[in-house]
Amino acid sequence: MKVCGFCIVKDAVKYDYPVVEAISSILPLCDKVIVSVGDCDDGTRELIAGIGDEKIEIVDSVWDSTLKKGGKVLSAETNKVLDIVPGEYHWIFNIQADEVVHERYWPEIRQSMKTNLDDRKIDGLIFRYRHFFGTYDYVADSRRWYRHEIRVVRNDSSIRSWNDAQGFRKRDGSKIRGVSSGGEIYHYGWVRPPKLMKEKVDGAKNYWSSSSKHIRVMDQEGEVFVYENAYDSLSRFRGTHPAVMQDRVARIDWRPDLSTQTKRMSLRHRMLYWIEKKFGLRLFENRHFIECKGK
């Protein structure tokens, strides 16, 4: 079994993406990792080269700034890499620049890839998600944040990155079939110093139209991002962060006033939230995949 990982990244230094940590968190599971570096001059390419692992291959890419609708430039860049993964690799592990895999899940993920290797009905492996918000101590847990997504896909040309690259589908738009990887993705995209978070949100306007929900929900006035005004529901995180993230966690020097008691939701969403927390069931959940039972 051979596994090729990959990551697309641009402006990692400018916006302080934990991309080194992201790539490092999948290296032990991969035989090769392709990192596609977008056109930028902030030292991102040098940052990736500095990882210094012979498994890593850096490719350069120019992002199409006209693909703003729905963040489609991200799926376009993801598909560029999917198309250059050599045929000798069986699985492709896509880690995004602000996502990290905890090392405790490595054995389960590896076993899931082995178990499902020859089952051609399975297109990918599903990961649970934790979306950290504001600091490393809180997790966003409302319906606004997806609970699961596929991050390992079969090396199959019919599988494409979709819309803003959140997930994958078939070329015709049909959903792919996945089983549990046993693993979890820690998403750190909303943990930055407030001023830098505001700059990153403003920078996202280069890849999403101003009318898109992604921009409308999080756009703010002022020079710093006010985390206190930007969430609808949080829960406290009491677990451990991945080993590669420990230095970042220790360096945090901002403390927004967040609360698990605050719930900014419509009555309908409050009811759906209660059902989810009580029974573990998210009604009317939108997914890019069909979940199958594993072996």
# chains A, B, ... in the order shown; residues from 1 in each chain; ligands from 1

call {"tool": "select_by_dssp", "arguments": {"residues": "segment 50-266 of chain A", "states": "strand (DSSP E)", "output": "MDAnalysis selection string"}}
result
chainID A and resid 56:61 91:94 99:101 124:133 138:140 148:154 159:162 167:170 176:190 234:236

call {"tool": "select_by_dssp", "arguments": {"residues": "segment 113-286 of chain A", "states": "alpha helix (DSSP H)", "output": "PyMOL selection string"}}
result
chain A and resi 113-115+194-203+213-218+246-251+267-279

call {"tool": "closest_atom_pairs", "arguments": {"of": "segment 259-283 of chain A", "to": "segment 228-249 of chain A", "cutoff": "7 Å", "atoms": "only C-alpha atoms", "output": "CSV"}}
result
residue,atom,partner,partner_atom,distance
A:Ser259,CA,A:Leu234,CA,7.0
A:Thr260,CA,A:Leu234,CA,5.0
A:Thr262,CA,A:Ser233,CA,6.3
A:Lys263,CA,A:Ser233,CA,5.1
A:Arg264,CA,A:Asp232,CA,4.4
A:Met265,CA,A:Asp232,CA,6.3

call {"tool": "write_last_selection", "arguments": {"atoms": "C-alpha atoms", "output": "CSV table (one decimal), in the first residue's frame"}}
result
chain,number,residue,atom,x,y,z
A,259,SER,CA,-18.4,31.6,27.0
A,260,THR,CA,-20.0,28.2,26.5
A,262,THR,CA,-23.7,32.1,24.9
A,263,LYS,CA,-26.0,30.7,22.3
A,264,ARG,CA,-26.9,33.0,19.4
A,265,MET,CA,-29.4,30.9,17.4

call {"tool": "closest_atom_pairs", "arguments": {"of": "segment 274-295 of chain A", "to": "segment 97-121 of chain A", "cutoff": "12 Å", "atoms": "only C-alpha atoms", "output": "Markdown table"}}
result
| residue | atom | partner | partner_atom | distance |
| --- | --- | --- | --- | --- |
| A:Ile290 | CA | A:Lys121 | CA | 11.1 |
| A:Glu291 | CA | A:Lys121 | CA | 11.3 |
| A:Cys292 | CA | A:Lys121 | CA | 9.3 |
| A:Lys293 | CA | A:Asn116 | CA | 11.0 |
| A:Gly294 | CA | A:Asn116 | CA | 7.9 |
| A:Lys295 | CA | A:Thr115 | CA | 7.2 |

call {"tool": "write_last_selection", "arguments": {"atoms": "C-alpha atoms", "output": "tab-separated table (two decimals), in the first residue's frame"}}
result
chain	number	residue	atom	x	y	z
A	290	ILE	CA	-22.43	8.64	1.58
A	291	GLU	CA	-21.25	6.87	4.72
A	292	CYS	CA	-20.91	3.10	4.50
A	293	LYS	CA	-20.29	0.54	7.19
A	294	GLY	CA	-16.66	-0.49	7.46
A	295	LYS	CA	-15.39	-4.03	7.54

call {"tool": "residues_around", "arguments": {"residues": "Val81 of chain A", "least_positions_apart": "5", "cutoff": "10 Å", "atoms": "only C-alpha atoms", "output": "list of chain:residue names"}}
result
A:Phe6, A:Cys7, A:Ile8, A:Ile34, A:Val35, A:Ser36, A:Val59, A:Ser61, A:Ser75, A:Ala76, A:Asn94

call {"tool": "write_last_selection", "arguments": {"atoms": "N, CA and C atoms", "output": "CSV table (one decimal), in the first residue's frame"}}
result
chain,number,residue,atom,x,y,z
A,6,PHE,N,-0.9,15.4,0.3
A,6,PHE,CA,-0.7,16.7,-0.4
A,6,PHE,C,-1.4,17.8,0.3
A,7,CYS,N,-0.9,19.0,0.0
A,7,CYS,CA,-1.4,20.2,0.7
A,7,CYS,C,-1.2,21.4,-0.3
A,8,ILE,N,-2.2,22.2,-0.5
A,8,ILE,CA,-2.1,23.4,-1.2
A,8,ILE,C,-2.0,24.6,-0.2
A,34,ILE,N,3.1,15.9,-1.7
A,34,ILE,CA,3.3,17.0,-2.6
A,34,ILE,C,2.7,18.3,-2.0
A,35,VAL,N,3.5,19.3,-2.0
A,35,VAL,CA,3.0,20.6,-1.5
A,35,VAL,C,3.0,21.6,-2.6
A,36,SER,N,1.8,22.1,-3.0
A,36,SER,CA,1.6,23.0,-4.1
A,36,SER,C,1.6,24.4,-3.4
A,59,VAL,N,5.8,21.9,-5.6
A,59,VAL,CA,5.4,22.3,-6.9
A,59,VAL,C,4.9,23.7,-6.8
A,61,SER,N,2.5,27.0,-8.3
A,61,SER,CA,1.3,27.2,-9.0
A,61,SER,C,0.9,28.6,-9.0
A,75,SER,N,-10.7,24.6,-4.9
A,75,SER,CA,-10.9,23.2,-5.5
A,75,SER,C,-10.1,23.1,-6.8
A,76,ALA,N,-10.0,24.2,-7.6
A,76,ALA,CA,-9.2,24.2,-8.8
A,76,ALA,C,-7.8,23.8,-8.5
A,94,ASN,N,-5.3,14.3,1.7
A,94,ASN,CA,-5.3,15.8,1.5
A,94,ASN,C,-5.4,16.4,2.9

call {"tool": "atom_distance", "arguments": {"atom1": "atom CA of Cys4 of chain A", "atom2": "atom CA of Glu149 of chain A"}}
result
18.4 Å

call {"tool": "closest_residue", "arguments": {"among": "A:Ser161, A:Val33, A:Arg171, A:Arg143", "to": "Lys277 of chain A", "atoms": "only C-alpha atoms"}}
result
A:Arg143

call {"tool": "residues_around", "arguments": {"residues": "Arg160 of chain A", "least_positions_apart": "6", "cutoff": "8 Å", "atoms": "only C-alpha atoms", "output": "JSON, numbers by chain"}}
result
{"A": [79, 82, 168, 169, 170, 171]}

call {"tool": "residues_around", "arguments": {"residues": "Gly178 of chain A", "least_positions_apart": "2", "cutoff": "7 Å", "atoms": "only C-alpha atoms", "output": "list in words"}}
result
Ile122, Asp123, Gly124, Leu125, Ile126, Ile176, Ser180, Phe289, Ile290, Glu291 and Cys292 of chain A

call {"tool": "write_last_selection", "arguments": {"atoms": "C-alpha atoms", "output": "short mmCIF file (atom, residue, chain, number, x, y, z; two decimals), in the first residue's frame"}}
result
data_model
loop_
_atom_site.label_atom_id
_atom_site.label_comp_id
_atom_site.auth_asym_id
_atom_site.auth_seq_id
_atom_site.Cartn_x
_atom_site.Cartn_y
_atom_site.Cartn_z
CA ILE A 122 -15.16 2.68 -1.00
CA ASP A 123 -13.91 5.97 -2.44
CA GLY A 124 -12.53 7.61 0.69
CA LEU A 125 -12.07 7.74 4.44
CA ILE A 126 -14.14 9.96 6.72
CA ILE A 176 -18.58 9.55 -3.10
CA SER A 180 -14.67 5.92 8.96
CA PHE A 289 -20.40 11.76 0.91
CA ILE A 290 -22.43 8.64 1.58
CA GLU A 291 -21.25 6.87 4.72
CA CYS A 292 -20.91 3.10 4.50
#

call {"tool": "residues_around", "arguments": {"residues": "Gly5 of chain A", "least_positions_apart": "2", "cutoff": "10 Å", "atoms": "only C-alpha atoms", "output": "PDB file with N, CA and C atoms, in the first residue's frame"}}
result
ATOM      1  N   VAL A   3       0.865   5.566  -0.116  1.00  0.00           N
ATOM      2  CA  VAL A   3       0.033   6.733   0.191  1.00  0.00           C
ATOM      3  C   VAL A   3       0.772   8.008  -0.198  1.00  0.00           C
ATOM      4  N   CYS A   7      -0.867  19.014   0.037  1.00  0.00           N
ATOM      5  CA  CYS A   7      -1.388  20.227   0.660  1.00  0.00           C
ATOM      6  C   CYS A   7      -1.226  21.366  -0.329  1.00  0.00           C
ATOM      7  N   ILE A  23       1.504  19.536   7.613  1.00  0.00           N
ATOM      8  CA  ILE A  23       2.252  18.575   6.796  1.00  0.00           C
ATOM      9  C   ILE A  23       2.957  17.554   7.678  1.00  0.00           C
ATOM     10  N   ILE A  26       0.959  14.447   8.887  1.00  0.00           N
ATOM     11  CA  ILE A  26       0.616  13.309   8.018  1.00  0.00           C
ATOM     12  C   ILE A  26       1.847  12.620   7.434  1.00  0.00           C
ATOM     13  N   LEU A  27       3.014  13.202   7.591  1.00  0.00           N
ATOM     14  CA  LEU A  27       4.231  12.611   7.017  1.00  0.00           C
ATOM     15  C   LEU A  27       4.434  11.152   7.419  1.00  0.00           C
ATOM     16  N   LEU A  29       2.370   8.901   7.824  1.00  0.00           N
ATOM     17  CA  LEU A  29       1.392   8.042   7.164  1.00  0.00           C
ATOM     18  C   LEU A  29       1.593   7.979   5.654  1.00  0.00           C
ATOM     19  N   CYS A  30       2.513   8.782   5.135  1.00  0.00           N
ATOM     20  CA  CYS A  30       2.658   8.935   3.689  1.00  0.00           C
ATOM     21  C   CYS A  30       4.039   8.510   3.199  1.00  0.00           C
ATOM     22  N   ASP A  31       4.062   8.017   1.962  1.00  0.00           N
ATOM     23  CA  ASP A  31       5.325   7.695   1.304  1.00  0.00           C
ATOM     24  C   ASP A  31       5.874   8.898   0.551  1.00  0.00           C
ATOM     25  N   LYS A  32       4.977   9.829   0.235  1.00  0.00           N
ATOM     26  CA  LYS A  32       5.344  11.042  -0.504  1.00  0.00           C
ATOM     27  C   LYS A  32       4.326  12.105  -0.134  1.00  0.00           C
ATOM     28  N   VAL A  33       4.748  13.369  -0.084  1.00  0.00           N
ATOM     29  CA  VAL A  33       3.823  14.473   0.160  1.00  0.00           C
ATOM     30  C   VAL A  33       4.119  15.581  -0.848  1.00  0.00           C
ATOM     31  N   ILE A  34       3.130  15.904  -1.654  1.00  0.00           N
ATOM     32  CA  ILE A  34       3.257  16.989  -2.624  1.00  0.00           C
ATOM     33  C   ILE A  34       2.692  18.261  -1.998  1.00  0.00           C
ATOM     34  N   VAL A  35       3.478  19.323  -2.011  1.00  0.00           N
ATOM     35  CA  VAL A  35       3.010  20.611  -1.492  1.00  0.00           C
ATOM     36  C   VAL A  35       2.982  21.603  -2.646  1.00  0.00           C
ATOM     37  N   LYS A  55      10.638  13.190   1.740  1.00  0.00           N
ATOM     38  CA  LYS A  55       9.357  12.765   1.173  1.00  0.00           C
ATOM     39  C   LYS A  55       8.636  13.913   0.470  1.00  0.00           C
ATOM     40  N   ILE A  56       8.994  15.147   0.806  1.00  0.00           N
ATOM     41  CA  ILE A  56       8.247  16.310   0.325  1.00  0.00           C
ATOM     42  C   ILE A  56       8.714  16.747  -1.058  1.00  0.00           C
ATOM     43  N   LEU A  82      -4.313  16.630  -7.511  1.00  0.00           N
ATOM     44  CA  LEU A  82      -4.874  15.292  -7.722  1.00  0.00           C
ATOM     45  C   LEU A  82      -4.436  14.731  -9.073  1.00  0.00           C
ATOM     46  N   VAL A  85      -0.671  13.235  -9.098  1.00  0.00           N
ATOM     47  CA  VAL A  85      -0.258  12.146  -8.208  1.00  0.00           C
ATOM     48  C   VAL A  85       0.022  10.911  -9.061  1.00  0.00           C
ATOM     49  N   TYR A  89       0.453   5.230  -6.451  1.00  0.00           N
ATOM     50  CA  TYR A  89      -0.084   5.450  -5.111  1.00  0.00           C
ATOM     51  C   TYR A  89      -1.551   5.034  -5.056  1.00  0.00           C
ATOM     52  N   TRP A  91      -3.744   5.504  -2.169  1.00  0.00           N
ATOM     53  CA  TRP A  91      -4.546   6.490  -1.452  1.00  0.00           C
ATOM     54  C   TRP A  91      -3.891   7.869  -1.550  1.00  0.00           C
ATOM     55  N   ILE A  92      -4.733   8.908  -1.513  1.00  0.00           N
ATOM     56  CA  ILE A  92      -4.266  10.292  -1.504  1.00  0.00           C
ATOM     57  C   ILE A  92      -4.798  10.966  -0.243  1.00  0.00           C
ATOM     58  N   PHE A  93      -3.896  11.492   0.563  1.00  0.00           N
ATOM     59  CA  PHE A  93      -4.251  12.118   1.839  1.00  0.00           C
ATOM     60  C   PHE A  93      -4.139  13.631   1.690  1.00  0.00           C
ATOM     61  N   ASN A  94      -5.286  14.304   1.654  1.00  0.00           N
ATOM     62  CA  ASN A  94      -5.321  15.763   1.515  1.00  0.00           C
ATOM     63  C   ASN A  94      -5.412  16.419   2.891  1.00  0.00           C
ATOM     64  N   ILE A  95      -4.373  17.120   3.281  1.00  0.00           N
ATOM     65  CA  ILE A  95      -4.423  17.890   4.523  1.00  0.00           C
ATOM     66  C   ILE A  95      -4.410  19.363   4.151  1.00  0.00           C
ATOM     67  N   ARG A 151     -10.969  13.127   3.919  1.00  0.00           N
ATOM     68  CA  ARG A 151      -9.649  13.692   3.674  1.00  0.00           C
ATOM     69  C   ARG A 151      -8.688  12.696   3.018  1.00  0.00           C
ATOM     70  N   VAL A 152      -9.050  11.436   2.982  1.00  0.00           N
ATOM     71  CA  VAL A 152      -8.269  10.443   2.240  1.00  0.00           C
ATOM     72  C   VAL A 152      -9.158   9.897   1.138  1.00  0.00           C
TER      73      VAL A 152
END

call {"tool": "closest_residue", "arguments": {"among": "A:Val13, A:Leu67, A:Ala140, A:Leu47", "to": "Tyr227 of chain A", "atoms": "only C-alpha atoms"}}
result
A:Ala140

call {"tool": "atom_distance", "arguments": {"atom1": "atom CA of Met197 of chain A", "atom2": "atom CA of Trp145 of chain A"}}
result
17.9 Å

call {"tool": "atom_distance", "arguments": {"atom1": "atom CA of Ile150 of chain A", "atom2": "atom CA of Asp137 of chain A"}}
result
24.9 Å

call {"tool": "closest_residue", "arguments": {"among": "A:Tyr207, A:Phe279, A:Tyr136, A:Tyr17", "to": "Ile48 of chain A", "atoms": "only C-alpha atoms"}}
result
A:Tyr17

call {"tool": "closest_residue", "arguments": {"among": "A:Gly70, A:Phe225, A:His288, A:Glu276", "to": "Ser174 of chain A", "atoms": "only C-alpha atoms"}}
result
A:His288

call {"tool": "residues_around", "arguments": {"residues": "Gly222 of chain A", "least_positions_apart": "5", "cutoff": "12 Å", "atoms": "only C-alpha atoms", "output": "PDB file with N, CA and C atoms, in the first residue's frame"}}
result
ATOM      1  N   PRO A 194      -6.019  38.441  17.140  1.00  0.00           N
ATOM      2  CA  PRO A 194      -7.164  39.162  16.573  1.00  0.00           C
ATOM      3  C   PRO A 194      -6.844  40.042  15.367  1.00  0.00           C
ATOM      4  N   LYS A 195      -5.720  40.756  15.390  1.00  0.00           N
ATOM      5  CA  LYS A 195      -5.378  41.612  14.253  1.00  0.00           C
ATOM      6  C   LYS A 195      -5.079  40.771  13.015  1.00  0.00           C
ATOM      7  N   MET A 197      -6.166  37.756  12.458  1.00  0.00           N
ATOM      8  CA  MET A 197      -7.402  37.104  12.035  1.00  0.00           C
ATOM      9  C   MET A 197      -8.218  38.032  11.148  1.00  0.00           C
ATOM     10  N   LYS A 198      -8.247  39.310  11.493  1.00  0.00           N
ATOM     11  CA  LYS A 198      -8.962  40.292  10.661  1.00  0.00           C
ATOM     12  C   LYS A 198      -8.310  40.399   9.292  1.00  0.00           C
ATOM     13  N   GLU A 199      -6.983  40.407   9.244  1.00  0.00           N
ATOM     14  CA  GLU A 199      -6.275  40.481   7.969  1.00  0.00           C
ATOM     15  C   GLU A 199      -6.552  39.244   7.124  1.00  0.00           C
ATOM     16  N   VAL A 201      -9.285  37.283   7.261  1.00  0.00           N
ATOM     17  CA  VAL A 201     -10.670  37.355   6.785  1.00  0.00           C
ATOM     18  C   VAL A 201     -10.766  38.317   5.608  1.00  0.00           C
ATOM     19  N   ASP A 202     -10.091  39.467   5.704  1.00  0.00           N
ATOM     20  CA  ASP A 202     -10.086  40.421   4.592  1.00  0.00           C
ATOM     21  C   ASP A 202      -9.414  39.812   3.367  1.00  0.00           C
TER      22      ASP A 202
END

call {"tool": "closest_residue", "arguments": {"among": "A:Ser24, A:Thr66, A:Ser142, A:Gln96", "to": "Trp274 of chain A", "atoms": "only C-alpha atoms"}}
result
A:Ser142

call {"tool": "decode", "arguments": {"residues": "segment 157-199 of chain A", "atoms": "N, CA and C atoms", "output": "tab-separated table (two decimals), in the first residue's frame"}}
result
chain	number	residue	atom	x	y	z
A	157	SER	N	-9.20	9.05	-11.00
A	157	SER	CA	-9.39	10.31	-11.73
A	157	SER	C	-10.83	10.79	-11.74
A	158	SER	N	-11.77	9.94	-11.35
A	158	SER	CA	-13.18	10.36	-11.32
A	158	SER	C	-13.51	11.14	-10.05
A	159	ILE	N	-12.61	11.16	-9.08
A	159	ILE	CA	-12.84	11.86	-7.82
A	159	ILE	C	-12.25	13.27	-7.91
A	160	ARG	N	-13.10	14.26	-7.61
A	160	ARG	CA	-12.71	15.65	-7.76
A	160	ARG	C	-12.95	16.43	-6.47
A	161	SER	N	-12.10	17.42	-6.23
A	161	SER	CA	-12.36	18.37	-5.16
A	161	SER	C	-13.55	19.22	-5.56
A	162	TRP	N	-14.37	19.62	-4.58
A	162	TRP	CA	-15.66	20.22	-4.91
A	162	TRP	C	-15.81	21.61	-4.31
A	163	ASN	N	-16.33	22.54	-5.09
A	163	ASN	CA	-16.63	23.90	-4.67
A	163	ASN	C	-15.44	24.58	-3.98
A	164	ASP	N	-15.51	24.80	-2.65
A	164	ASP	CA	-14.41	25.49	-1.95
A	164	ASP	C	-13.41	24.52	-1.36
A	165	ALA	N	-13.38	23.29	-1.88
A	165	ALA	CA	-12.43	22.26	-1.47
A	165	ALA	C	-12.69	21.71	-0.07
A	166	GLN	N	-13.90	21.94	0.45
A	166	GLN	CA	-14.22	21.33	1.75
A	166	GLN	C	-14.24	19.81	1.62
A	167	GLY	N	-14.78	19.32	0.50
A	167	GLY	CA	-14.88	17.87	0.32
A	167	GLY	C	-14.67	17.45	-1.11
A	168	PHE	N	-15.04	16.21	-1.41
A	168	PHE	CA	-14.83	15.62	-2.73
A	168	PHE	C	-16.13	15.02	-3.25
A	169	ARG	N	-16.24	15.00	-4.58
A	169	ARG	CA	-17.36	14.33	-5.23
A	169	ARG	C	-16.86	13.69	-6.52
A	170	LYS	N	-17.75	12.97	-7.19
A	170	LYS	CA	-17.45	12.45	-8.51
A	170	LYS	C	-17.53	13.59	-9.52
A	171	ARG	N	-16.95	13.38	-10.69
A	171	ARG	CA	-16.95	14.43	-11.72
A	171	ARG	C	-18.36	14.91	-12.05
A	172	ASP	N	-19.34	14.00	-12.00
A	172	ASP	CA	-20.71	14.37	-12.34
A	172	ASP	C	-21.46	15.01	-11.18
A	173	GLY	N	-20.77	15.21	-10.06
A	173	GLY	CA	-21.40	15.84	-8.90
A	173	GLY	C	-22.01	14.88	-7.91
A	174	SER	N	-22.02	13.61	-8.23
A	174	SER	CA	-22.59	12.63	-7.31
A	174	SER	C	-21.67	12.43	-6.11
A	175	LYS	N	-22.26	12.01	-5.01
A	175	LYS	CA	-21.50	11.86	-3.77
A	175	LYS	C	-20.63	10.61	-3.81
A	176	ILE	N	-19.45	10.71	-3.19
A	176	ILE	CA	-18.58	9.55	-3.10
A	176	ILE	C	-18.92	8.75	-1.85
A	177	ARG	N	-18.46	7.50	-1.82
A	177	ARG	CA	-18.78	6.60	-0.72
A	177	ARG	C	-17.58	6.50	0.21
A	178	GLY	N	-17.83	6.67	1.51
A	178	GLY	CA	-16.73	6.65	2.46
A	178	GLY	C	-17.02	5.81	3.69
A	179	VAL	N	-15.95	5.42	4.37
A	179	VAL	CA	-16.05	4.74	5.66
A	179	VAL	C	-15.19	5.50	6.66
A	180	SER	N	-15.42	5.23	7.92
A	180	SER	CA	-14.67	5.92	8.96
A	180	SER	C	-13.18	5.60	8.89
A	181	SER	N	-12.38	6.64	9.05
A	181	SER	CA	-10.93	6.46	9.14
A	181	SER	C	-10.50	6.13	10.57
A	182	GLY	N	-11.42	6.38	11.51
A	182	GLY	CA	-11.07	6.26	12.92
A	182	GLY	C	-10.33	7.47	13.45
A	183	GLY	N	-10.09	8.44	12.58
A	183	GLY	CA	-9.30	9.61	12.95
A	183	GLY	C	-10.09	10.89	13.06
A	184	GLU	N	-9.42	11.92	13.51
A	184	GLU	CA	-10.04	13.21	13.72
A	184	GLU	C	-9.10	14.31	13.24
A	185	ILE	N	-9.69	15.31	12.60
A	185	ILE	CA	-8.94	16.47	12.14
A	185	ILE	C	-9.16	17.62	13.12
A	186	TYR	N	-8.07	18.23	13.56
A	186	TYR	CA	-8.14	19.43	14.39
A	186	TYR	C	-7.97	20.63	13.46
A	187	HIS	N	-9.01	21.42	13.35
A	187	HIS	CA	-9.02	22.56	12.44
A	187	HIS	C	-8.72	23.84	13.23
A	188	TYR	N	-7.60	24.49	12.88
A	188	TYR	CA	-7.14	25.66	13.63
A	188	TYR	C	-7.29	26.97	12.86
A	189	GLY	N	-8.09	26.96	11.81
A	189	GLY	CA	-8.19	28.14	10.96
A	189	GLY	C	-8.74	29.39	11.63
A	190	TRP	N	-9.44	29.21	12.75
A	190	TRP	CA	-10.02	30.36	13.45
A	190	TRP	C	-9.34	30.63	14.78
A	191	VAL	N	-8.07	30.27	14.87
A	191	VAL	CA	-7.26	30.61	16.05
A	191	VAL	C	-6.04	31.38	15.58
A	192	ARG	N	-6.12	32.69	15.69
A	192	ARG	CA	-5.02	33.59	15.34
A	192	ARG	C	-5.10	34.82	16.24
A	193	PRO	N	-4.02	35.57	16.37
A	193	PRO	CA	-4.13	36.86	17.06
A	193	PRO	C	-5.21	37.70	16.39
A	194	PRO	N	-6.02	38.44	17.14
A	194	PRO	CA	-7.16	39.16	16.57
A	194	PRO	C	-6.84	40.04	15.37
A	195	LYS	N	-5.72	40.76	15.39
A	195	LYS	CA	-5.38	41.61	14.25
A	195	LYS	C	-5.08	40.77	13.02
A	196	LEU	N	-4.35	39.69	13.19
A	196	LEU	CA	-4.01	38.82	12.08
A	196	LEU	C	-5.25	38.09	11.55
A	197	MET	N	-6.17	37.76	12.46
A	197	MET	CA	-7.40	37.10	12.03
A	197	MET	C	-8.22	38.03	11.15
A	198	LYS	N	-8.25	39.31	11.49
A	198	LYS	CA	-8.96	40.29	10.66
A	198	LYS	C	-8.31	40.40	9.29
A	199	GLU	N	-6.98	40.41	9.24
A	199	GLU	CA	-6.27	40.48	7.97
A	199	GLU	C	-6.55	39.24	7.12
